[in-house]
Amino acid sequence: MRLAIDTSSDTASLALIEAGKIHAEFTWRCGKNHSTQLLPHISNLLALGGLRPNSLSGIIVALGPGSYNGLRVGISTAKGLALSLEIPVVGINSLEAAAYQHSAARLPVCPIFHAGRGEIATAIYQLRYNRWQKIYNERVTKLEDLFSEIRVRTIFCGDITPDTGNRISNHLHNNAIIASEAARLRRSSFLGELGEKRLDSGDYDNNATLNPLYLRRPHITKPNNRRKGMISNER
């Protein structure tokens, strides 16, 4: 049995998957409470499946991009479980997992995650010739810059607010298919499907070097240590 963990956003998700079958799945709005809620919910999920931690044979975790703190909690938990249970771990790009939910349509799929500062994290994937492929690499960009890359009907998913959805529709018209809110809900069972393929092929990640994928460093404001009235030569 494999455990999939997604803490990329304020909506967290867990799933138990084995041989392509979903045994249990749990998605909830956790806000910023990943550190206090993740382990209890993993215990509850295992209990629902009648399992114990030593029943797990692999861990699959979302690497990001996404919430800085959420990813740190999810990945450190995944690494800790894999190390203590002596089982392999694989990390999957969060954008790819969000897009994979819509792979059966065989159209290009463009996941959108808000990256702050008026920018988005995005990529484009598609199921072509029965192969799941990355069409455009993951990057941080402006929504308007993304529009120039869309020339065919494309499914948009991920963190799409009403304003973002309106901007996409107004610019792309019939080339934009915006997934419904229910269809955009983060589901770790799809993350599990992608991860199982790697686990089954023996393509494991190194526990020691597995790290979150942020696409850019988090914005940290430097403290102002200058005393009041002090004259600075900085420009």
# chains A, B, ... in the order shown; residues from 1 in each chain; ligands from 1
$ residues_around --residues "Ala97 (chain A)" --least-positions-apart "6" --cutoff "8 Å" --atoms "only C-alpha atoms" --output "list of chain:residue names"
A:Ala62, A:Ser188, A:Phe190, A:Leu191, A:Leu194
$ residues_around --residues "Leu215 (chain A)" --least-positions-apart "5" --cutoff "8 Å" --atoms "only C-alpha atoms" --output "ChimeraX atom specification"
/A:65,121,138-140
$ select_by_dssp --residues "region 56-162 of chain A" --states "strand (DSSP E or B)" --output "number ranges by chain"
A: 58-64, 89-93, 109-116, 119-128, 131-141, 154-158
$ write_last_selection --atoms "C-alpha atoms" --output "PDB file, in the first residue's frame"
ATOM      1  CA  GLY A  58       6.054   3.518  -0.423  1.00  0.00           C
ATOM      2  CA  ILE A  59       5.431   7.232   0.087  1.00  0.00           C
ATOM      3  CA  ILE A  60       4.444   9.688  -2.652  1.00  0.00           C
ATOM      4  CA  VAL A  61       4.618  13.401  -1.908  1.00  0.00           C
ATOM      5  CA  ALA A  62       3.830  16.621  -3.780  1.00  0.00           C
ATOM      6  CA  LEU A  63       7.024  18.659  -4.204  1.00  0.00           C
ATOM      7  CA  GLY A  64       5.521  22.020  -5.159  1.00  0.00           C
ATOM      8  CA  VAL A  89       9.801   7.842  -1.385  1.00  0.00           C
ATOM      9  CA  VAL A  90       9.102   9.700  -4.643  1.00  0.00           C
ATOM     10  CA  GLY A  91       8.302  13.358  -5.175  1.00  0.00           C
ATOM     11  CA  ILE A  92       5.913  14.569  -7.860  1.00  0.00           C
ATOM     12  CA  ASN A  93       5.559  18.103  -9.198  1.00  0.00           C
ATOM     13  CA  VAL A 109      -3.918  21.041 -19.590  1.00  0.00           C
ATOM     14  CA  CYS A 110      -2.627  24.237 -17.986  1.00  0.00           C
ATOM     15  CA  PRO A 111      -2.571  24.276 -14.152  1.00  0.00           C
ATOM     16  CA  ILE A 112      -2.344  27.680 -12.502  1.00  0.00           C
ATOM     17  CA  PHE A 113      -1.080  28.307  -8.965  1.00  0.00           C
ATOM     18  CA  HIS A 114      -0.898  31.838  -7.577  1.00  0.00           C
ATOM     19  CA  ALA A 115       2.724  32.736  -6.862  1.00  0.00           C
ATOM     20  CA  GLY A 116       2.217  36.174  -5.307  1.00  0.00           C
ATOM     21  CA  GLU A 119       2.404  36.261 -10.884  1.00  0.00           C
ATOM     22  CA  ILE A 120       1.445  32.630 -11.397  1.00  0.00           C
ATOM     23  CA  ALA A 121       3.268  29.298 -11.420  1.00  0.00           C
ATOM     24  CA  THR A 122       2.239  27.263 -14.431  1.00  0.00           C
ATOM     25  CA  ALA A 123       3.144  24.634 -17.028  1.00  0.00           C
ATOM     26  CA  ILE A 124       1.317  22.751 -19.790  1.00  0.00           C
ATOM     27  CA  TYR A 125       0.872  18.976 -20.018  1.00  0.00           C
ATOM     28  CA  GLN A 126      -0.960  16.676 -22.416  1.00  0.00           C
ATOM     29  CA  LEU A 127      -1.666  13.007 -23.016  1.00  0.00           C
ATOM     30  CA  ARG A 128      -0.246  12.419 -26.501  1.00  0.00           C
ATOM     31  CA  ARG A 131       2.050   9.128 -23.228  1.00  0.00           C
ATOM     32  CA  TRP A 132       1.663  11.784 -20.537  1.00  0.00           C
ATOM     33  CA  GLN A 133       3.974  14.588 -21.623  1.00  0.00           C
ATOM     34  CA  LYS A 134       5.158  18.004 -20.473  1.00  0.00           C
ATOM     35  CA  ILE A 135       4.575  20.517 -23.281  1.00  0.00           C
ATOM     36  CA  TYR A 136       5.884  23.656 -21.537  1.00  0.00           C
ATOM     37  CA  ASN A 137       8.212  23.628 -18.534  1.00  0.00           C
ATOM     38  CA  GLU A 138       7.219  24.864 -15.095  1.00  0.00           C
ATOM     39  CA  ARG A 139       7.898  28.562 -14.540  1.00  0.00           C
ATOM     40  CA  VAL A 140       6.668  31.704 -12.804  1.00  0.00           C
ATOM     41  CA  THR A 141       5.150  34.260 -15.168  1.00  0.00           C
ATOM     42  CA  THR A 154      -6.785  24.154 -23.448  1.00  0.00           C
ATOM     43  CA  ILE A 155      -8.115  23.060 -20.070  1.00  0.00           C
ATOM     44  CA  PHE A 156      -7.294  25.406 -17.190  1.00  0.00           C
ATOM     45  CA  CYS A 157      -7.247  24.054 -13.642  1.00  0.00           C
ATOM     46  CA  GLY A 158      -5.650  24.738 -10.279  1.00  0.00           C
TER      47      GLY A 158
END
$ residues_around --residues "Leu51 (chain A)" --least-positions-apart "4" --cutoff "12 Å" --atoms "only C-alpha atoms" --output "PyMOL selection string"
chain A and resi 1-3+16+23-24+42-47+55-57
$ select_by_dssp --residues "region 106-172 of chain A" --states "alpha helix (DSSP H)" --output "NGL selection string"
:A and (143-147 or 162-172)
$ write_last_selection --atoms "N, CA and C atoms" --output "PDB file, in the first residue's frame"
ATOM      1  N   LEU A 143       0.065  36.227 -15.977  1.00  0.00           N
ATOM      2  CA  LEU A 143      -1.048  35.573 -16.655  1.00  0.00           C
ATOM      3  C   LEU A 143      -1.134  36.025 -18.107  1.00  0.00           C
ATOM      4  N   GLU A 144      -0.943  37.318 -18.354  1.00  0.00           N
ATOM      5  CA  GLU A 144      -1.031  37.831 -19.722  1.00  0.00           C
ATOM      6  C   GLU A 144       0.054  37.248 -20.623  1.00  0.00           C
ATOM      7  N   ASP A 145       1.230  36.969 -20.071  1.00  0.00           N
ATOM      8  CA  ASP A 145       2.300  36.373 -20.865  1.00  0.00           C
ATOM      9  C   ASP A 145       1.963  34.928 -21.236  1.00  0.00           C
ATOM     10  N   LEU A 146       1.207  34.268 -20.379  1.00  0.00           N
ATOM     11  CA  LEU A 146       0.796  32.893 -20.673  1.00  0.00           C
ATOM     12  C   LEU A 146      -0.146  32.843 -21.871  1.00  0.00           C
ATOM     13  N   PHE A 147      -0.992  33.855 -22.036  1.00  0.00           N
ATOM     14  CA  PHE A 147      -1.991  33.834 -23.108  1.00  0.00           C
ATOM     15  C   PHE A 147      -1.363  33.669 -24.489  1.00  0.00           C
ATOM     16  N   PRO A 162     -12.485  33.648  -9.413  1.00  0.00           N
ATOM     17  CA  PRO A 162     -13.415  34.179 -10.413  1.00  0.00           C
ATOM     18  C   PRO A 162     -12.774  35.237 -11.307  1.00  0.00           C
ATOM     19  N   ASP A 163     -11.942  36.118 -10.722  1.00  0.00           N
ATOM     20  CA  ASP A 163     -11.278  37.146 -11.524  1.00  0.00           C
ATOM     21  C   ASP A 163     -10.319  36.528 -12.536  1.00  0.00           C
ATOM     22  N   THR A 164      -9.529  35.551 -12.085  1.00  0.00           N
ATOM     23  CA  THR A 164      -8.606  34.877 -13.000  1.00  0.00           C
ATOM     24  C   THR A 164      -9.364  34.167 -14.107  1.00  0.00           C
ATOM     25  N   GLY A 165     -10.444  33.493 -13.756  1.00  0.00           N
ATOM     26  CA  GLY A 165     -11.249  32.800 -14.756  1.00  0.00           C
ATOM     27  C   GLY A 165     -11.814  33.749 -15.793  1.00  0.00           C
ATOM     28  N   ASN A 166     -12.285  34.914 -15.348  1.00  0.00           N
ATOM     29  CA  ASN A 166     -12.828  35.912 -16.277  1.00  0.00           C
ATOM     30  C   ASN A 166     -11.748  36.434 -17.220  1.00  0.00           C
ATOM     31  N   ARG A 167     -10.560  36.674 -16.687  1.00  0.00           N
ATOM     32  CA  ARG A 167      -9.465  37.168 -17.529  1.00  0.00           C
ATOM     33  C   ARG A 167      -9.070  36.139 -18.570  1.00  0.00           C
ATOM     34  N   ILE A 168      -9.043  34.868 -18.173  1.00  0.00           N
ATOM     35  CA  ILE A 168      -8.707  33.808 -19.122  1.00  0.00           C
ATOM     36  C   ILE A 168      -9.773  33.726 -20.226  1.00  0.00           C
ATOM     37  N   SER A 169     -11.023  33.720 -19.841  1.00  0.00           N
ATOM     38  CA  SER A 169     -12.120  33.603 -20.818  1.00  0.00           C
ATOM     39  C   SER A 169     -12.159  34.804 -21.755  1.00  0.00           C
ATOM     40  N   ASN A 170     -11.945  36.002 -21.223  1.00  0.00           N
ATOM     41  CA  ASN A 170     -12.018  37.209 -22.042  1.00  0.00           C
ATOM     42  C   ASN A 170     -10.887  37.296 -23.059  1.00  0.00           C
ATOM     43  N   HIS A 171      -9.731  36.717 -22.732  1.00  0.00           N
ATOM     44  CA  HIS A 171      -8.600  36.769 -23.652  1.00  0.00           C
ATOM     45  C   HIS A 171      -8.588  35.613 -24.650  1.00  0.00           C
ATOM     46  N   LEU A 172      -8.984  34.435 -24.187  1.00  0.00           N
ATOM     47  CA  LEU A 172      -8.827  33.237 -25.019  1.00  0.00           C
ATOM     48  C   LEU A 172     -10.127  32.740 -25.640  1.00  0.00           C
TER      49      LEU A 172
END
$ closest_atom_pairs --of "region 112-222 of chain A" --to "region 68-76 of chain A" --cutoff "8 Å" --atoms "only C-alpha atoms" --output "Markdown table"
| residue | atom | partner | partner_atom | distance |
| --- | --- | --- | --- | --- |
| A:Leu210 | CA | A:Ile75 | CA | 8.0 |
| A:Asn211 | CA | A:Ile75 | CA | 7.2 |
| A:Pro212 | CA | A:Leu71 | CA | 6.2 |
| A:Tyr214 | CA | A:Tyr68 | CA | 7.4 |
| A:Pro218 | CA | A:Tyr68 | CA | 7.1 |
$ atom_distance --atom1 "CA of Asn54 (chain A)" --atom2 "CA of Ala4 (chain A)"
15.1 Å
